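Below you'll find the structure, written out as structure tokens, and then a few comments.
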Amino acid sequence: MNYLEEKLTQKKENGNYRVLLNIDDIREEALLRTGDFINLSANDYLGLAENKSLRKEFLETLNEANFRPSSSSSRLLTGNTLEYQLFEEELASAFNAESALLFSCGYHANTGIIPAIADHETLILADKLIHASMIDGIKLSDAKCIRFRHLDYVQLGRLVKEHHSAYRSILIVTESIFSMDGDETDLQRLVELKKRYPKVALYIDEAHSFGVRGNRGLGCCEEQNCIEDIDYIVGTFGKALASIGAFLISNRTAREYLINSVRPFIFTTALPPVNIAWTRFLFHKLPEFNQERSHLRNLSAMLHDFIATTTQPPISTSHIIPIMIGENKKAIHTAIELQKQGFYILPIRPPAVPVGTARLRISLSAEHTNKQMLDLIKQLKQLI
């Protein structure tokens with residue numbers, strides 16, 4: 001126990017100590033203090049999570065027979081219901097793909113799929129800034145992995161050329177929109193590389209773009225017109241779609257293999273059918289949210305324009321906008337000052353980001369207003 005206490009003390013001293021916060025209490029306190037609570041730390045990109053009219057409409061579809069709050073087992077036992085079957089068929093159809101497969105969360109998807117499809121004859125080439133779930137998935141695999149410099153397509157191309165003949169397959173693993181920097185992958189560059197080297201497969205995590213990019217909200221793969229060229233598209237429902245769970249878009253053979261190979265899929269109780277029904281309900285409406293997507297783009301542009309007036313490099317090209325602070329304790333102090341003004345922003349510190357790059361991660365939502373962004377910019381000018 002002394003060892004654990006020492007490790008906790010170290011975290012407190014270097015500004016990396018964290019506690020669980022009750023968001024309901026925080027919201028109530030902020031409303032009493034400032035009359036406003038502007039949540040800039042959630043991933044509710046379309047503003048659907050607090051939309052009471054959507055909740056009411058969905059609840060009207062439920063009755064005693066179809067309200068099923070538990071699956072009671074994994075999908076390979078008795079947890080595979082009609083809701084799952086219909087939703088996977090609808091997802092595959094929307095992406096014009098052969099198949100889709102649902103997972104309980106994005107973390108389970110990435111930590112399960114990657115080690116299932118990558119063995120000792122596979123070389124994984126992963127962007128330096130991929131999410132922890134993909135890093136853990138790679139660690140669980142038997143594959144050799146080389147991390148290339150963030151968005152460095154020249155280095156990536158050189159690595160593919162150097163190693164192409166030595167492996168049965170090369171899996172390029174990356175995100176479309178990166179969760180901490182808010183910048184984007186040029187997916188067409190990856191597709192061009194894949195077309196030059198037949199052993200290359202592409203694994204793209206669309207967690208932060210699904211719902212907010214593309215004419216139908218399917219993500220950056222839709223926006224960049226390359227869905228059919230991506231071998232594995234992973235997306236999540238717990239962000240823009242205000243639900244829970246994740247999905248994979250792939251060919252039919254990959255789906256069948258993964259059902260028989262992905263440990264988190266095989267050994268996890270399936271999400272309750274009522275959750276799948278809620279996700280389907282929102283997914284059917286996803287093409288209708290173009291106004292929300294447009295408003296989110298406008299809000300993002302306001303903050304991008306502000307960043308351009310500062311000494312900070314313009315990293316983000318999306319609705320995720322980092323305000324780089326550097327030192328942990330300063331990031332904590334800046335976040336607290338903004339919270340006093342009703343802006344709920346949390347400091348992002350190592351290990352979520354590299355040491356020395358602590359930041360405020362502003363996560364915009366379509367529910368935010370232009371006035372709120374102007375007020376936020378005013379506060380940021382005084383603090384950074």
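By order in the structure tokens, chains are A, B, ...; within a chain, residues start at 1; ligands start at 1, following the order shown.
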
**Study point:** Surrounding residues of Lys161 of chain A excluding itself and chain neighbours under 2 positions, 12 Å, only C-alpha atoms, as a list in words
**Key:** Leu125, Val154, Gln155, Leu156, Gly157, Arg158, Leu159, His163, His164, Ser165, Ala166, Tyr167, Ile170, Leu193, Lys194, Arg196, Tyr197, Pro198, Lys199 and Val200 of chain A

Write out, as a compact mmCIF listing (two decimals), in the first residue's frame, the residues just selected, with C-alpha atoms.
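New file selection11.txt:
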```txt
# COMPACT_ATOMS: atom_id res chain seq x y z
CA LEU A 125 2.26 1.60 -39.06
CA VAL A 154 6.40 11.20 -46.54
CA GLN A 155 7.80 9.14 -43.67
CA LEU A 156 4.79 6.81 -43.85
CA GLY A 157 5.36 6.22 -47.56
CA ARG A 158 9.03 5.53 -46.96
CA LEU A 159 8.22 2.99 -44.24
CA HIS A 163 9.01 -2.98 -45.34
CA HIS A 164 6.47 -3.99 -47.96
CA SER A 165 8.28 -7.13 -49.08
CA ALA A 166 9.04 -8.37 -45.55
CA TYR A 167 5.46 -8.84 -44.28
CA ILE A 170 0.80 -3.82 -43.57
CA LEU A 193 -0.52 4.77 -50.83
CA LYS A 194 -2.75 1.71 -50.48
CA ARG A 196 0.40 1.57 -54.88
CA TYR A 197 1.09 -1.25 -52.43
CA PRO A 198 -1.38 -4.17 -52.51
CA LYS A 199 -0.40 -5.49 -49.07
CA VAL A 200 -1.57 -2.29 -47.34
```

Point to revise | Filtered DSSP result for segment 319-372 of chain A, state strand (DSSP E), as number ranges by chain | key: A: 320-326, 343-344, 347-348, 358-363

Exercise for review: Please provide the set of residues having any atom within 9 Å of segment 77-88 of chain A, restricted to only C-alpha atoms, with same-chain residues fewer than 4 positions apart removed, written as a ChimeraX atom specification.
Suggested key: /A:70-73,92-93,99-102,247,269-274,276-277,279-280

Practice item. Would you list the contacts of Val353 of chain A as a ChimeraX atom specification, taking every protein, DNA or RNA residue within 12 Å and counting only C-alpha atoms, but skipping same-chain residues closer than 3 positions in sequence? Key: /A:16,128-132,178-181,322,324-328,347-350,356-361

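Counting only C-alpha atoms and comparing A:Gly15, A:Pro287, A:Gly112, A:Gly182, the residue that lies closest to Ser316 of chain A is A:Gly182.
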
Check your understanding: In terms of the shortest atom-to-atom distance over only C-alpha atoms, which of A:Glu60, A:Ile362, A:Glu256, A:His368 is closest to Ser41 of chain A?
Key ->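 Of the candidates, the smallest distance to Ser41 of chain A is held by A:Ile362.
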
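The space separating atom CA of Thr317 of chain A from atom CA of Asp305 of chain A comes to 10.9 Å.
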
Point to revise | Who sits within 7 Å of segment 221-226 of chain A, only C-alpha atoms, same chain under 5 positions skipped, as JSON, numbers by chain | key: {"A": [187, 213, 214]}

Any chance you could export the current selection's all heavy atoms as a CSV table (one decimal), in the first residue's frame?
```
chain,number,residue,atom,x,y,z
A,187,LEU,N,-7.1,11.5,-45.9
A,187,LEU,CA,-7.4,10.1,-46.2
A,187,LEU,C,-7.1,9.7,-47.6
A,187,LEU,O,-6.7,8.6,-47.9
A,187,LEU,CB,-8.9,9.8,-45.8
A,187,LEU,CG,-9.3,10.0,-44.4
A,187,LEU,CD1,-10.8,9.8,-44.2
A,187,LEU,CD2,-8.6,9.0,-43.5
A,213,ARG,N,-19.4,15.1,-39.8
A,213,ARG,CA,-18.8,15.3,-41.2
A,213,ARG,C,-19.5,14.5,-42.2
A,213,ARG,O,-20.0,13.5,-41.9
A,213,ARG,CB,-17.3,14.9,-41.1
A,213,ARG,CG,-16.4,15.9,-40.3
A,213,ARG,CD,-16.4,17.3,-40.9
A,213,ARG,NE,-15.5,18.2,-40.2
A,213,ARG,CZ,-14.2,18.3,-40.4
A,213,ARG,NH1,-13.7,17.6,-41.4
A,213,ARG,NH2,-13.5,19.1,-39.7
A,214,GLY,N,-19.5,15.0,-43.4
A,214,GLY,CA,-20.2,14.4,-44.5
A,214,GLY,C,-21.7,14.8,-44.7
A,214,GLY,O,-22.3,15.3,-43.7
```

List as CSV every residue of segment 97-194 of chain A that is in contact with segment 204-212 of chain A, defined as an atom at most 8 Å from one of its atoms (using only C-alpha atoms), together with the nearest atom pair and the distance in Å rounded to one decimal, sorted by chain and then rising number.
```
residue,atom,partner,partner_atom,distance
A:Gly106,CA,A:Ala207,CA,7.6
A:Val173,CA,A:Ile204,CA,6.2
A:Thr174,CA,A:Ile204,CA,5.3
A:Glu175,CA,A:Asp205,CA,4.5
A:Ser176,CA,A:Glu206,CA,5.5
A:Ile177,CA,A:His208,CA,5.8
A:Phe178,CA,A:His208,CA,7.3
A:Ser179,CA,A:His208,CA,6.6
```
